[in-house]
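Have a look at final_20.txt; it's compact mmCIF, C-alpha atoms:
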# COMPACT_ATOMS: atom_id res chain seq x y z
CA MET H 18 0.00 0.00 0.00
CA GLY H 19 1.02 3.55 -0.61
CA ARG H 20 0.93 6.16 2.10
CA ILE H 21 -0.08 9.78 2.35
CA VAL H 22 2.79 11.21 4.36
CA GLY H 23 1.76 14.83 4.50
CA GLY H 24 -0.99 17.30 3.77
CA PHE H 25 -0.59 21.02 3.19
CA ALA H 26 -2.72 23.94 2.12
CA THR H 27 -1.85 27.45 1.10
CA SER H 28 -3.26 30.52 -0.52
CA HIS H 29 -2.40 30.52 -4.21
CA VAL H 30 -1.77 34.15 -5.05
CA LEU H 31 0.96 36.70 -4.44
CA PHE H 32 0.75 40.37 -5.28
CA ASP H 33 2.92 43.46 -5.25
CA PRO H 34 4.17 43.86 -1.68
CA ALA H 35 4.10 47.68 -1.91
CA GLY H 36 2.13 49.00 1.00
CA ALA H 37 2.07 45.65 2.80
CA GLU H 38 5.76 44.80 2.82
CA GLU H 39 5.98 43.12 6.20
CA GLN H 40 2.84 41.07 5.74
CA ALA H 41 3.89 40.07 2.24
CA GLU H 42 7.24 38.91 3.53
CA ARG H 43 5.63 36.82 6.26
CA VAL H 44 3.26 35.26 3.71
CA PHE H 45 6.12 34.42 1.40
CA ALA H 46 8.19 33.04 4.27
CA GLY H 47 5.24 30.81 5.18
CA MET H 48 5.04 29.50 1.64
CA MET H 49 8.75 28.76 1.68
CA ALA H 50 8.38 26.97 5.02
CA ILE H 51 5.76 24.74 3.39
CA ARG H 52 8.19 24.12 0.55
CA ASP H 53 10.91 23.03 2.98
CA GLN H 54 8.56 20.71 4.86
CA ILE H 55 7.39 19.04 1.67
CA ARG H 56 10.94 18.57 0.44
CA ARG H 57 11.90 16.84 3.69
CA LEU H 58 9.04 14.39 3.24
CA GLU H 59 10.61 13.19 -0.04
CA PRO H 60 7.33 12.50 -1.82
CA ASP H 61 7.11 10.23 -4.86
CA VAL H 62 3.87 11.86 -5.99
CA LEU H 63 2.25 15.22 -5.36
CA VAL H 64 -1.50 15.59 -5.58
CA VAL H 65 -2.25 19.29 -6.02
CA ALA H 66 -5.88 20.36 -5.67
CA SER H 67 -7.14 23.76 -6.63
CA GLY H 68 -9.82 25.52 -8.58
CA ASP H 69 -9.55 26.61 -12.17
CA HIS H 70 -10.43 30.26 -12.77
CA LEU H 71 -12.60 29.75 -15.87
CA ASN H 72 -9.57 29.20 -18.05
CA ASN H 73 -9.90 25.46 -18.73
CA PHE H 74 -13.40 24.88 -17.47
CA THR H 75 -15.82 27.60 -18.53
CA LEU H 76 -19.53 28.26 -18.31
CA LYS H 77 -19.90 26.29 -21.54
CA HIS H 78 -19.34 23.00 -19.68
CA GLN H 79 -19.52 23.56 -15.95
CA VAL H 80 -17.20 20.89 -14.57
CA THR H 81 -16.94 20.80 -10.80
CA LEU H 82 -14.58 17.91 -9.98
CA ALA H 83 -11.88 16.63 -12.32
CA VAL H 84 -8.49 14.94 -12.35
CA GLY H 85 -5.65 15.59 -14.78
CA ILE H 86 -4.50 12.28 -16.27
CA ALA H 87 -1.92 13.48 -18.83
CA ASP H 88 1.77 12.58 -18.82
CA THR H 89 2.74 16.25 -18.96
CA PHE H 90 1.06 19.58 -18.46
CA ILE H 91 2.02 23.03 -19.67
CA PRO H 92 0.98 25.90 -17.39
CA LEU H 93 -1.31 28.60 -18.75
CA GLY H 94 1.27 31.19 -17.77
CA ASP H 95 -0.99 33.67 -15.99
CA MET H 96 0.39 35.70 -13.08
CA GLY H 97 3.82 35.58 -14.75
CA ILE H 98 4.27 31.87 -14.07
CA PRO H 99 6.71 30.29 -16.54
CA GLN H 100 5.18 27.99 -19.12
CA ASP H 101 7.59 25.15 -18.40
CA SER H 102 6.00 21.74 -18.69
CA PHE H 103 5.80 19.48 -15.67
CA ARG H 104 5.27 15.78 -15.30
CA GLY H 105 1.89 14.31 -14.50
CA HIS H 106 1.38 10.76 -13.29
CA ARG H 107 -1.02 8.92 -15.57
CA ALA H 108 -1.03 5.63 -13.69
CA PHE H 109 -1.80 7.31 -10.39
CA ALA H 110 -4.40 9.65 -11.84
CA GLU H 111 -6.23 6.92 -13.74
CA ALA H 112 -6.16 4.67 -10.69
CA PHE H 113 -7.72 7.51 -8.72
CA ALA H 114 -10.44 8.00 -11.31
CA GLN H 115 -11.11 4.23 -11.40
CA SER H 116 -11.26 3.95 -7.64
CA ALA H 117 -13.34 7.10 -7.26
CA VAL H 118 -16.08 5.55 -9.42
CA THR H 119 -16.44 2.74 -6.90
CA GLN H 120 -16.58 5.30 -4.10
CA GLY H 121 -19.34 7.46 -5.53
CA PHE H 122 -17.34 10.01 -7.52
CA ASP H 123 -17.46 10.10 -11.32
CA LEU H 124 -14.49 12.34 -11.93
CA VAL H 125 -14.03 14.12 -15.23
CA GLN H 126 -10.72 12.91 -16.61
CA VAL H 127 -8.71 15.67 -18.22
CA GLU H 128 -6.17 14.86 -20.91
CA GLU H 129 -5.61 18.48 -21.91
CA ALA H 130 -5.46 21.39 -19.51
CA ARG H 131 -3.28 24.43 -19.08
CA PRO H 132 -3.24 24.81 -15.31
CA ASP H 133 -3.57 28.43 -14.19
CA HIS H 134 -2.11 30.11 -11.13
CA GLY H 135 -4.46 28.24 -8.81
CA LEU H 136 -2.67 24.99 -9.40
CA MET H 137 0.63 26.36 -10.59
CA LEU H 138 1.57 28.69 -7.78
CA THR H 139 0.70 25.88 -5.37
CA LYS H 140 2.85 23.48 -7.41
CA LEU H 141 5.72 25.98 -7.56
CA ILE H 142 5.62 26.49 -3.82
CA ALA H 143 5.81 22.73 -3.32
CA ASP H 144 8.18 21.68 -6.07
CA PRO H 145 9.96 24.52 -7.88
CA ASP H 146 12.26 22.17 -9.77
CA GLY H 147 9.44 20.02 -11.11
CA ASN H 148 11.11 16.94 -9.70
CA VAL H 149 8.01 15.23 -8.41
CA PRO H 150 5.28 13.85 -10.72
CA THR H 151 2.13 15.78 -9.98
CA VAL H 152 -1.53 14.88 -10.30
CA PRO H 153 -3.76 17.95 -10.67
CA VAL H 154 -7.16 17.69 -9.04
CA PHE H 155 -9.60 20.41 -9.99
CA ILE H 156 -12.01 21.45 -7.25
CA ASN H 157 -13.78 24.11 -9.25
CA SER H 158 -15.21 26.40 -6.62
CA ALA H 159 -15.72 29.18 -9.17
CA MET H 160 -18.48 27.27 -10.94
CA PRO H 161 -21.97 28.76 -10.53
CA ILE H 162 -22.98 25.65 -8.60
CA PRO H 163 -19.72 24.66 -6.92
CA PRO H 164 -18.94 21.35 -5.24
CA SER H 165 -19.93 21.35 -1.60
CA PRO H 166 -17.29 21.34 1.16
CA ALA H 167 -18.54 17.91 2.23
CA ARG H 168 -18.17 16.57 -1.29
CA ALA H 169 -14.61 17.92 -1.51
CA PHE H 170 -13.77 16.34 1.85
CA GLY H 171 -15.30 13.05 0.69
CA LEU H 172 -13.21 13.08 -2.47
CA GLY H 173 -10.14 13.42 -0.27
CA GLU H 174 -11.29 10.37 1.64
CA ALA H 175 -11.63 8.51 -1.65
CA LEU H 176 -8.05 9.48 -2.52
CA LYS H 177 -6.80 8.13 0.79
CA THR H 178 -8.62 4.84 0.23
CA MET H 179 -7.17 4.53 -3.26
CA VAL H 180 -3.62 5.25 -2.15
CA GLU H 181 -3.78 2.75 0.68
CA ARG H 182 -5.57 0.05 -1.32
CA ASP H 183 -4.28 0.35 -4.87
CA ARG H 184 -0.89 2.04 -4.94
CA PRO H 185 2.50 0.35 -4.74
CA ARG H 186 4.02 -0.46 -1.41
CA ASP H 187 5.94 2.43 0.14
CA GLU H 188 4.82 5.04 -2.41
CA ARG H 189 4.94 8.37 -0.58
CA VAL H 190 2.19 10.82 -1.46
CA VAL H 191 1.83 14.45 -0.40
CA VAL H 192 -1.51 16.21 -0.90
CA ILE H 193 -1.70 20.00 -1.22
CA GLY H 194 -4.74 22.23 -1.42
CA GLY H 195 -4.46 25.67 -2.97
CA GLY H 196 -6.74 28.68 -2.59
CA GLY H 197 -8.50 30.91 -0.07
CA LEU H 198 -8.75 32.17 2.48
CA SER H 199 -11.40 34.92 2.58
CA HIS H 200 -11.68 37.22 -0.41
CA TRP H 201 -14.48 38.87 -2.29
CA LEU H 202 -13.62 38.79 -5.97
CA ARG H 203 -15.46 41.35 -8.09
CA VAL H 204 -18.66 41.25 -6.07
CA PRO H 205 -20.14 44.19 -4.18
CA SER H 206 -18.96 43.90 -0.57
CA GLU H 207 -17.96 46.17 2.26
CA ILE H 208 -15.79 43.44 3.74
CA LYS H 209 -12.29 42.88 2.37
CA VAL H 210 -10.92 40.21 4.70
CA ALA H 211 -12.82 38.09 7.23
CA GLU H 212 -10.01 37.55 9.70
CA THR H 213 -12.17 36.11 12.47
CA PHE H 214 -13.71 33.46 10.25
CA ASP H 215 -10.38 32.73 8.57
CA ARG H 216 -8.91 32.00 11.99
CA HIS H 217 -11.94 29.84 12.78
CA ILE H 218 -11.25 27.77 9.64
CA LEU H 219 -7.58 27.42 10.54
CA ALA H 220 -8.45 26.27 14.05
CA GLU H 221 -11.11 23.82 12.92
CA LEU H 222 -8.80 22.19 10.40
CA THR H 223 -5.59 22.06 12.41
CA GLU H 224 -7.29 20.94 15.63
CA GLY H 225 -8.78 17.83 14.06
CA ARG H 226 -12.30 19.05 13.28
CA ALA H 227 -12.11 19.22 9.49
CA ARG H 228 -14.84 16.61 9.03
CA GLN H 229 -17.24 18.64 11.14
CA PHE H 230 -16.26 21.90 9.45
CA ALA H 231 -16.89 20.34 6.04
CA ARG H 232 -20.59 20.17 6.91
CA ILE H 233 -20.82 23.90 6.26
CA ASP H 234 -22.87 24.68 3.16
CA ASN H 235 -21.62 26.82 0.31
CA GLN H 236 -24.13 29.60 1.00
CA THR H 237 -22.82 30.03 4.54
CA LEU H 238 -19.20 29.69 3.50
CA ARG H 239 -19.71 32.32 0.78
CA ALA H 240 -21.39 34.69 3.24
CA GLU H 241 -18.55 34.32 5.73
CA THR H 242 -15.53 34.28 3.43
CA GLY H 243 -16.66 35.74 0.10
CA ASN H 244 -16.92 33.99 -3.22
CA GLY H 245 -13.16 33.46 -3.19
CA GLY H 246 -13.35 31.77 0.19
CA LEU H 247 -15.17 28.86 -1.43
CA GLU H 248 -11.69 27.73 -2.47
CA VAL H 249 -11.36 26.36 1.04
CA ALA H 250 -12.96 23.28 -0.54
CA SER H 251 -9.48 22.40 -1.83
CA TRP H 252 -8.17 22.55 1.74
CA LEU H 253 -10.98 20.22 2.78
CA PHE H 254 -10.09 17.80 0.00
CA MET H 255 -6.60 17.67 1.50
CA THR H 256 -7.86 17.11 5.03
CA GLY H 257 -10.19 14.39 3.80
CA ALA H 258 -7.14 12.49 2.60
CA LEU H 259 -5.61 12.49 6.09
CA PRO H 260 -6.34 10.16 8.99
CA ASP H 261 -9.57 11.05 10.77
CA ARG H 262 -9.12 13.89 13.28
CA ALA H 263 -5.54 14.54 12.13
CA THR H 264 -4.06 17.63 13.73
CA GLY H 265 -1.67 20.05 12.10
CA GLN H 266 0.04 23.41 12.37
CA ILE H 267 -0.85 26.87 11.15
CA VAL H 268 2.23 27.80 9.13
CA TYR H 269 1.17 31.36 8.40
CA TYR H 270 -1.81 33.66 8.45
CA GLU H 271 -1.99 37.28 7.43
CA PRO H 272 -5.13 39.34 6.80
CA VAL H 273 -3.68 41.39 3.94
CA GLU H 274 -6.11 44.26 3.43
CA LYS H 275 -3.97 45.68 0.64
CA TRP H 276 -4.50 42.47 -1.32
CA GLU H 277 -8.09 42.14 -0.13
CA SER H 278 -7.28 38.56 0.86
CA GLY H 279 -6.91 36.44 3.95
CA MET H 280 -3.64 34.61 3.29
CA GLY H 281 -2.93 31.36 5.09
CA GLY H 282 -1.17 28.05 5.08
CA VAL H 283 -1.30 24.85 7.14
CA ALA H 284 0.77 21.67 7.44
CA PHE H 285 -0.03 18.14 8.55
CA HIS H 286 2.57 15.43 8.98
CA VAL H 287 1.06 11.97 9.27
CA MET M 27 -31.27 40.05 -16.57
CA SER M 28 -32.21 36.41 -16.98
CA GLY M 29 -29.75 33.52 -16.95
CA GLY M 30 -29.95 33.06 -20.72
CA ASP M 31 -29.38 36.73 -21.38
CA SER M 32 -26.43 36.89 -19.03
CA TYR M 33 -24.90 33.79 -20.60
CA ARG M 34 -24.81 35.64 -23.93
CA ILE M 35 -22.52 38.28 -22.38
CA ASN M 36 -20.49 35.80 -20.35
CA ARG M 37 -20.02 33.75 -23.49
CA MET M 38 -18.71 36.78 -25.37
CA ILE M 39 -16.07 37.36 -22.71
CA GLN M 40 -15.00 33.75 -22.43
CA ASP M 41 -14.84 33.46 -26.23
CA LEU M 42 -12.60 36.54 -26.38
CA ASN M 43 -10.47 35.20 -23.55
CA GLY M 44 -9.87 31.95 -25.38
CA ASP M 45 -9.21 33.39 -28.84
CA PRO M 46 -6.30 35.84 -29.28
CA VAL M 47 -7.36 36.70 -32.83
CA ALA M 48 -10.91 37.55 -31.78
CA ARG M 49 -9.50 39.53 -28.87
CA GLU M 50 -7.30 41.57 -31.16
CA HIS M 51 -10.21 42.15 -33.51
CA HIS M 52 -12.37 43.22 -30.59
CA CYS M 53 -9.80 45.76 -29.42
CA ALA M 54 -9.69 47.28 -32.89
CA ASP M 55 -13.44 47.20 -33.50
CA PRO M 56 -15.55 46.44 -30.42
CA ASP M 57 -18.81 47.13 -32.25
CA PHE M 58 -18.12 44.13 -34.48
CA THR M 59 -17.97 41.95 -31.37
CA TYR M 60 -21.02 43.58 -29.83
CA ALA M 61 -23.04 42.98 -32.99
CA ALA M 62 -22.03 39.33 -33.07
CA TYR M 63 -23.36 38.84 -29.54
CA ALA M 64 -26.38 41.13 -29.90
CA ILE M 65 -25.18 43.51 -27.19
CA ASP M 66 -27.62 46.42 -26.92
CA ALA M 67 -26.86 50.04 -26.05
CA GLU M 68 -27.55 49.65 -22.33
CA GLU M 69 -25.34 46.58 -22.13
CA LYS M 70 -22.59 48.37 -24.04
CA ALA M 71 -22.70 51.20 -21.53
CA LEU M 72 -22.47 48.83 -18.59
CA LEU M 73 -19.61 46.93 -20.21
CA ALA M 74 -17.82 50.21 -20.89
CA ASP M 75 -18.32 51.19 -17.25
CA GLY M 76 -16.79 47.89 -16.16
CA SER M 77 -17.29 48.57 -12.45
CA VAL M 78 -18.21 45.77 -10.07
CA GLU M 79 -21.69 47.25 -9.78
CA ALA M 80 -22.16 47.55 -13.54
CA MET M 81 -20.92 44.03 -14.19
CA ALA M 82 -23.13 42.69 -11.40
CA ARG M 83 -26.14 44.18 -13.19
CA LEU M 84 -25.12 42.20 -16.25
CA ASN M 85 -24.63 39.06 -14.15
CA VAL M 86 -21.08 38.66 -15.42
CA HIS M 87 -19.19 35.94 -13.59
CA PRO M 88 -16.49 37.44 -11.29
CA ASN M 89 -13.65 35.57 -13.00
CA LEU M 90 -14.90 36.75 -16.39
CA GLN M 91 -15.05 40.30 -15.05
CA MET M 92 -11.32 39.99 -14.38
CA LYS M 93 -10.75 38.80 -17.92
CA TRP M 94 -12.87 41.65 -19.28
CA VAL M 95 -10.65 44.11 -17.44
CA PHE M 96 -7.52 42.56 -18.98
CA ILE M 97 -9.06 42.33 -22.46
CA ASN M 98 -9.86 46.03 -22.43
CA ALA M 99 -6.75 47.29 -20.69
CA LYS M 100 -5.52 50.37 -22.53
CA ALA M 101 -1.94 49.28 -22.00
CA PRO M 102 -0.99 45.63 -21.69
CA PRO M 103 0.70 44.73 -18.42
CA ARG M 104 4.44 45.22 -18.52
CA GLY M 105 7.22 43.96 -16.34
CA PRO M 106 7.48 40.78 -14.35
CA GLY M 107 3.86 40.70 -13.16
CA PRO M 108 2.56 40.16 -9.65
CA LEU M 109 5.26 37.61 -8.83
CA GLY M 110 8.04 40.04 -9.72
CA ALA M 111 9.07 40.76 -6.15
CA TYR M 112 9.37 37.07 -5.34
CA ARG M 113 10.75 35.52 -8.50
CA ASP M 114 14.34 35.03 -7.45
CA ARG M 115 13.32 33.19 -4.32
CA LEU M 116 10.20 31.50 -5.67
CA PHE M 117 12.20 29.96 -8.50
CA ALA M 118 15.44 29.83 -6.53
CA HIS M 119 16.02 26.14 -7.04
CA SER M 120 14.90 25.87 -10.61
CA GLY M 121 16.47 28.68 -12.56
CA LYS M 122 13.00 29.38 -13.93
CA GLY M 123 11.75 32.90 -14.33
CA LYS M 124 15.20 34.41 -14.73
CA ASP M 125 14.38 36.33 -17.88

Can you give me the file's structure in the form of structure tokens?
Amino acid sequence: MGRIVGGFATSHVLFDPAGAEEQAERVFAGMMAIRDQIRRLEPDVLVVASGDHLNNFTLKHQVTLAVGIADTFIPLGDMGIPQDSFRGHRAFAEAFAQSAVTQGFDLVQVEEARPDHGLMLTKLIADPDGNVPTVPVFINSAMPIPPSPARAFGLGEALKTMVERDRPRDERVVVIGGGGLSHWLRVPSEIKVAETFDRHILAELTEGRARQFARIDNQTLRAETGNGGLEVASWLFMTGALPDRATGQIVYYEPVEKWESGMGGVAFHV
Amino acid sequence: MSGGDSYRINRMIQDLNGDPVAREHHCADPDFTYAAYAIDAEEKALLADGSVEAMARLNVHPNLQMKWVFINAKAPPRGPGPLGAYRDRLFAHSGKGKD
């Protein structure tokens, strides 16, 4: 059986630090701390979950949950991210899709995608050299009817089952969720950052209550954290892949008003 | 604005976002694009406004609002982009992004 040896989550944007220099530096330092922790775990496979920002999945076909099965992917290149290809892991991704069917998830299998910053900044934080084969999982929280937090958590559980049941002995898997925390993207709102609720999310997840937190509905989550905060579903996918009631550490949190975003990251070693 | 009506406008933006030739054509002659998607005078005014409030009236998806802003930017973004301040360290082990 394979083993999920670590779970991480992080915000997946960075902006000009001007006007928020100290906060920006702490955010970046947190991302680099996550990088160091992942490197020390020596993963054989990375599973990176994030939402697409209507670049690969549009309103034409509103895909909510999908897995990238290709041998290689070329980033979209938004946010100034280099368009250097990176390795996928077809065998792992197809095994996940196969197993997910038996666990109640009919994942869309994606042969062609140009991952945008949601996946790519998360991937770059984790593996800047592109050394580790990476399976993209799309938790498309930007869709008009997004996947529920509970569904995202359940998909993480399905991943854990697959890794432990179907993957080669001693394969080391690290799961990373990208996105969040609170932000209101291009919607009328007087709130810029919901620090109190962001800290509530961080506490719930790192203190072993992710399963309970995942019962929150999208309407409530959107009201508390903004439409961008729905990306927390990718964090819940990650926690679903961990042992029940796993506890972790808050690596960083900054309510960056200048960026209109709650920026955070967590780590779980299992 | 009903769902079907708002999809017409959302579709215009996502079509432009995915097609560099159409985007270039739109920048040179927006009325050609507007005619193709049956955009009326009120909708044109709201699209020209481009504010969060105006786009909300048109029911434009927030991510497509962002793309609309970029499509219509008077000057294309220059420089290293939002990661500029972090590039050397973000790509420190890879040599990527050293242009």

Which polymer residues, protein or nucleic acid, are no farther than 10 Å from (1.8, 41.7, 3.5), counting all atoms listed in the file, as a ChimeraX atom specification? /H:31-45,271-276,278,280

M:His51 surroundings by all atoms listed in the file, 12 Å radius, close-in-sequence under 6 positions cut, as a ChimeraX atom specification: /M:42,45,57-60,97-98

Taking all atoms of stretch 259-265 of chain H that appear in the file, build a box with edges along x, y and z, extend it by 5 Å on every side, and state its centre and edge lengths in Å to one decimal, as AutoDock Vina command-line options.
--center_x -5.6 --center_y 15.1 --center_z 9.9 --size_x 17.9 --size_y 19.9 --size_z 17.6

How close does each residue of chain H get to chain M, giving the shortest atom pair and distance in Å to one decimal for every residue with an atom at most 7 Å away, counting only C-alpha atoms, sorted by chain and residue number, as a tab-separated table?
residue	atom	partner	partner_atom	distance
H:Leu31	CA	M:Leu109	CA	6.2
H:Phe32	CA	M:Pro108	CA	4.7
H:Asp33	CA	M:Pro108	CA	5.5
H:His70	CA	M:Asn89	CA	6.2
H:Leu71	CA	M:Asn89	CA	6.6
H:Met96	CA	M:Pro108	CA	6.0
H:Gly97	CA	M:Gly107	CA	5.4
H:Pro99	CA	M:Gly123	CA	6.1
H:Pro145	CA	M:Ser120	CA	5.8
H:Asp146	CA	M:Ser120	CA	4.6
H:Leu202	CA	M:Pro88	CA	6.2
H:Arg203	CA	M:Pro88	CA	5.2
H:Val204	CA	M:Val78	CA	6.1
H:Pro205	CA	M:Val78	CA	6.4

Residues within 7 Å of (2.7, 21.0, 6.4), file coords, all atoms listed in the file, listed as a compact mmCIF listing (two decimals) with C-alpha atoms, keeping the file's coordinate frame:
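After the write, result.txt holds the following:
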# COMPACT_ATOMS: atom_id res chain seq x y z
CA GLY H 23 1.76 14.83 4.50
CA GLY H 24 -0.99 17.30 3.77
CA PHE H 25 -0.59 21.02 3.19
CA ILE H 51 5.76 24.74 3.39
CA GLN H 54 8.56 20.71 4.86
CA ILE H 55 7.39 19.04 1.67
CA GLN H 266 0.04 23.41 12.37
CA VAL H 283 -1.30 24.85 7.14
CA ALA H 284 0.77 21.67 7.44
CA PHE H 285 -0.03 18.14 8.55
CA HIS H 286 2.57 15.43 8.98

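Every protein, DNA or RNA residue with an atom at most 8 Å from H:Thr256, where all atoms listed in the file count and chain neighbours fewer than 5 positions away do not, is listed here: Gly24, Phe170, Gly173, Leu222, Ala227 and Ala263 of chain H.
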
Can those selected residues be exported to a file as an mmCIF file, keeping the file's coordinate frame so that it contains C-alpha atoms?
data_model
loop_
_atom_site.group_PDB
_atom_site.id
_atom_site.type_symbol
_atom_site.label_atom_id
_atom_site.label_comp_id
_atom_site.auth_asym_id
_atom_site.auth_seq_id
_atom_site.Cartn_x
_atom_site.Cartn_y
_atom_site.Cartn_z
ATOM 1 C CA GLY H 24 -0.990 17.300 3.770
ATOM 2 C CA PHE H 170 -13.770 16.340 1.850
ATOM 3 C CA GLY H 173 -10.140 13.420 -0.270
ATOM 4 C CA LEU H 222 -8.800 22.190 10.400
ATOM 5 C CA ALA H 227 -12.110 19.220 9.490
ATOM 6 C CA ALA H 263 -5.540 14.540 12.130
#

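For the pair atom CA of H:Gly225 and atom CA of H:Thr213, the interatomic distance is 18.7 Å.
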
One-decimal distance in Å that lies between atom CA of H:Arg107 and atom CA of H:Leu124: 14.4 Å

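Interatomic distance, atom CA of H:Pro153 against atom CA of H:Val210: 28.0 Å.
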
Would you kindly return, as an mmCIF file with C-alpha atoms, in the frame of the given file, each protein, DNA or RNA residue with an atom no farther than 12 Å from any atom of H:Arg182, considering only C-alpha atoms and excluding same-chain residues fewer than 4 positions away?
data_model
loop_
_atom_site.group_PDB
_atom_site.id
_atom_site.type_symbol
_atom_site.label_atom_id
_atom_site.label_comp_id
_atom_site.auth_asym_id
_atom_site.auth_seq_id
_atom_site.Cartn_x
_atom_site.Cartn_y
_atom_site.Cartn_z
ATOM 1 C CA MET H 18 0.000 0.000 0.000
ATOM 2 C CA GLY H 19 1.020 3.550 -0.610
ATOM 3 C CA ARG H 20 0.930 6.160 2.100
ATOM 4 C CA ILE H 21 -0.080 9.780 2.350
ATOM 5 C CA ALA H 112 -6.160 4.670 -10.690
ATOM 6 C CA PHE H 113 -7.720 7.510 -8.720
ATOM 7 C CA SER H 116 -11.260 3.950 -7.640
ATOM 8 C CA ALA H 175 -11.630 8.510 -1.650
ATOM 9 C CA LEU H 176 -8.050 9.480 -2.520
ATOM 10 C CA LYS H 177 -6.800 8.130 0.790
ATOM 11 C CA THR H 178 -8.620 4.840 0.230
ATOM 12 C CA ARG H 186 4.020 -0.460 -1.410
ATOM 13 C CA ASP H 187 5.940 2.430 0.140
ATOM 14 C CA GLU H 188 4.820 5.040 -2.410
#

H:Ala114: which residues within 8 Å, counting all atoms listed in the file, same-chain residues fewer than 3 positions away excluded, as a PyMOL selection string? chain H and resi 84+110-111+117-118+123-124+126
